[in-house]
Amino acid sequence: MTERIPAGTSNPVPRNSQPATRFPAPQRMSSYNNINIMNIRLSFMKIFMLWLALFLSGSLMSQVPTPAGHYRNPVIASDFPDPTIIYAYGMYYAAGTTSDFTPHYPIYESADLVNWKQIGYIFRELPGWASDSFWAPEFYYRDGTFYVYYTAKRKGDRVSCIGVASTKNIHEGFTDHGIIVEWGNEAIDAFIFDDDGKSYITWKAYGLDRSRPIEILGAELSADGLSMMGDHFTLTDHQKGWKGSGDEGQTLVKRNGWYYMLYSIGGCCDNRCDYRVVVSRSRSLKEGWEQLPDPILEGGGEWVCSGHGTLVQVPDGRHFYLYHAYHHRDFEYMGRQALLDELLWDDTTGWPYFSQGKNPSVTAPLPFPGKAQLPVPDYDETFGNAKNLALWQHDLNLAAPVLKLRKGNLEMSQGEGNLTFKGVSPRKGNFTATAGVQLTGTEAGLCYYGNRRNHVSLMAGTDSLVIRIMRNGEPEVLYAGQNPSVKSIMLKMEARDGRYLRFWWSANGTDWQPLQPHGNPDFDAQFVPQWGVAPRLGLSRSNTTNDKALFGDFNVSYRW
């Protein structure tokens, strides 16, 4: 912690140290009857050793060094669903779904497909026609112009439509051109494909129509890429007995006279998911498609529910697939992260397959020899400038927080609702977040945020130290104590697998005092993640007073 936080040693005095209500004490046995105590001890030892083995295999698996000349998935470690990727000007660019966090659609840049840096967002402001649910952006580049075809709900009727925006400089954001596809009750998941001098847009249709199967449709694009032309056609044919349902997230490529379409089937977006990638092919773009019955990519091992990706061709002609998957441990708490695998073709059958098999790779050979994948960095924000703050997100359904830099501190004004929040997407499920808080008349501190109805906050005010939660819109105080007599304080929140939280406070950043809600060290934040979107981690303030909240720094460190 910086010198802005003076030292102190006082402990908080609990205000409501009530007995535990969620974590019942174990029952005490009154007699053992005829049970052999030695057998109990042996059984306990076996259970313990089994637990230890499972723990080590899970928590230490990712500590195994990455082999030389290889990279480790994910290549973008954060909540990054439905990734799109293109190659232009010697660089690779990717973007992903943001749902109801804004700014919309983070843009990442890479020179080697495995080291990515965020350079901004597609939209910093809400497109005029759209209300919420910003999904599945799809990049397209032609003749010096970048396009993005994206899904959002339309204002008024909240029907999902596909919009289009463009820019000459991808570092400067996009200009929106409105809706390009509106199709019945839903049109989502655009993909653009060039063929014989023409461009085509494809999309998922009829996803909400119970009277007919889902189809992936296509139509020709106008020369400017801003409207459709002519009749639509279908790229799916379930009358042929195709397997799976929910067809979406398609990407197309042409090779040796065949059109290939990789797309995803199954449930995508929570811990009940069974997402997987299948492939179909045809000699004609507009008819005659046949499906390979078995998936070519499905979850297994460290990564599960893989799908909804985009193919990119590197300069030497190879194809790589950037797609999303959940990690088997931190799952919806980290969200769907971006993975990379190479796509190959069987010379005998002509069907494609992934170089590392049907399961997402844990490690794989680097796309470009001589490069190296850098480790996931810790996050260290001391508020010296506003560069990093431009990448922070907040809840689309609430007014944007007003943030100002004041002599190396961050000032957060009162916002809308019961809580003001702004933060980042964690890079790993095991993290430690700290914040320095200058004590004012309002409570301020750290927050693990799913949406305005579900979040966990550790905050301090001039005379309070409190852990608050909002669960399904119902507020609850987990801990309330008297703040020590200091002018500033440090707060710490630690997560295991993104789910189990612990809390501390310190007056000097060195001596940490634990806070235990209802006497328990771990708090289960199972309610925080929302469907299809992972929590954000950041700074918050209570809106019960008009006093400004003042923060000294914000840091997030990651451990394997």
# chains A, B, ... in the order shown; residues from 1 in each chain; ligands from 1
>>> closest_atom_pairs(of="segment 83-134 of chain A", to="segment 157-169 of chain A", cutoff="10 Å", atoms="only C-alpha atoms", output="JSON lines")
{"residue": "A:Ile122", "atom": "CA", "partner": "A:Ala165", "partner_atom": "CA", "distance": 8.8}
{"residue": "A:Phe123", "atom": "CA", "partner": "A:Ala165", "partner_atom": "CA", "distance": 9.3}
{"residue": "A:Pro127", "atom": "CA", "partner": "A:Gly163", "partner_atom": "CA", "distance": 9.1}
{"residue": "A:Trp129", "atom": "CA", "partner": "A:Gly163", "partner_atom": "CA", "distance": 8.8}
{"residue": "A:Ala130", "atom": "CA", "partner": "A:Arg158", "partner_atom": "CA", "distance": 8.4}
{"residue": "A:Ser131", "atom": "CA", "partner": "A:Arg158", "partner_atom": "CA", "distance": 7.3}
{"residue": "A:Asp132", "atom": "CA", "partner": "A:Arg158", "partner_atom": "CA", "distance": 8.2}
{"residue": "A:Ser133", "atom": "CA", "partner": "A:Ser160", "partner_atom": "CA", "distance": 8.3}
{"residue": "A:Phe134", "atom": "CA", "partner": "A:Ser160", "partner_atom": "CA", "distance": 9.3}
>>> write_last_selection(atoms="N, CA and C atoms", output="PDB file, in the first residue's frame")
ATOM      1  N   ILE A 122     -15.768  -1.848 -28.710  1.00  0.00           N
ATOM      2  CA  ILE A 122     -16.470  -1.524 -29.950  1.00  0.00           C
ATOM      3  C   ILE A 122     -17.362  -0.309 -29.747  1.00  0.00           C
ATOM      4  N   PHE A 123     -18.154  -0.326 -28.657  1.00  0.00           N
ATOM      5  CA  PHE A 123     -19.049   0.801 -28.356  1.00  0.00           C
ATOM      6  C   PHE A 123     -18.792   1.286 -26.932  1.00  0.00           C
ATOM      7  N   PRO A 127     -25.752   1.924 -28.681  1.00  0.00           N
ATOM      8  CA  PRO A 127     -26.330   2.212 -30.005  1.00  0.00           C
ATOM      9  C   PRO A 127     -27.788   2.638 -29.869  1.00  0.00           C
ATOM     10  N   TRP A 129     -30.593   2.125 -31.296  1.00  0.00           N
ATOM     11  CA  TRP A 129     -31.728   1.217 -31.443  1.00  0.00           C
ATOM     12  C   TRP A 129     -31.775   0.130 -30.374  1.00  0.00           C
ATOM     13  N   ALA A 130     -30.670  -0.071 -29.645  1.00  0.00           N
ATOM     14  CA  ALA A 130     -30.506  -1.253 -28.787  1.00  0.00           C
ATOM     15  C   ALA A 130     -30.763  -0.931 -27.317  1.00  0.00           C
ATOM     16  N   SER A 131     -31.182  -1.955 -26.568  1.00  0.00           N
ATOM     17  CA  SER A 131     -31.458  -1.762 -25.140  1.00  0.00           C
ATOM     18  C   SER A 131     -30.511  -2.555 -24.251  1.00  0.00           C
ATOM     19  N   ASP A 132     -30.287  -3.827 -24.538  1.00  0.00           N
ATOM     20  CA  ASP A 132     -29.503  -4.665 -23.634  1.00  0.00           C
ATOM     21  C   ASP A 132     -29.124  -5.962 -24.344  1.00  0.00           C
ATOM     22  N   SER A 133     -28.517  -6.896 -23.583  1.00  0.00           N
ATOM     23  CA  SER A 133     -28.149  -8.231 -24.080  1.00  0.00           C
ATOM     24  C   SER A 133     -27.259  -8.149 -25.316  1.00  0.00           C
ATOM     25  N   PHE A 134     -26.065  -7.598 -25.124  1.00  0.00           N
ATOM     26  CA  PHE A 134     -25.112  -7.436 -26.222  1.00  0.00           C
ATOM     27  C   PHE A 134     -24.278  -8.708 -26.371  1.00  0.00           C
TER      28      PHE A 134
END
>>> atom_distance(atom1="atom CA of Leu340 of chain A", atom2="atom CA of Pro83 of chain A")
10.5 Å
>>> closest_atom_pairs(of="segment 227-346 of chain A", to="segment 352-355 of chain A", cutoff="7 Å", atoms="only C-alpha atoms", output="JSON lines")
{"residue": "A:Ile296", "atom": "CA", "partner": "A:Tyr353", "partner_atom": "CA", "distance": 6.0}
{"residue": "A:Asp341", "atom": "CA", "partner": "A:Phe354", "partner_atom": "CA", "distance": 6.8}
{"residue": "A:Glu342", "atom": "CA", "partner": "A:Ser355", "partner_atom": "CA", "distance": 5.7}
{"residue": "A:Leu343", "atom": "CA", "partner": "A:Phe354", "partner_atom": "CA", "distance": 4.6}
{"residue": "A:Leu344", "atom": "CA", "partner": "A:Tyr353", "partner_atom": "CA", "distance": 5.4}
{"residue": "A:Trp345", "atom": "CA", "partner": "A:Pro352", "partner_atom": "CA", "distance": 4.1}
{"residue": "A:Asp346", "atom": "CA", "partner": "A:Pro352", "partner_atom": "CA", "distance": 6.0}
>>> write_last_selection(atoms="C-alpha atoms", output="compact mmCIF listing (two decimals), in the first residue's frame")
# COMPACT_ATOMS: atom_id res chain seq x y z
CA ILE A 296 -15.39 -32.62 -33.59
CA ASP A 341 -6.82 -24.81 -31.30
CA GLU A 342 -5.62 -25.61 -34.80
CA LEU A 343 -8.00 -27.13 -37.36
CA LEU A 344 -6.70 -29.77 -39.79
CA TRP A 345 -8.29 -31.87 -42.57
CA ASP A 346 -8.31 -35.60 -43.14
>>> closest_residue(among="A:Gly120, A:Gly197, A:Pro106, A:Gly450", to="Gly335 of chain A", atoms="only C-alpha atoms")
A:Gly450
>>> atom_distance(atom1="atom CA of Lys254 of chain A", atom2="atom CA of Phe139 of chain A")
18.1 Å
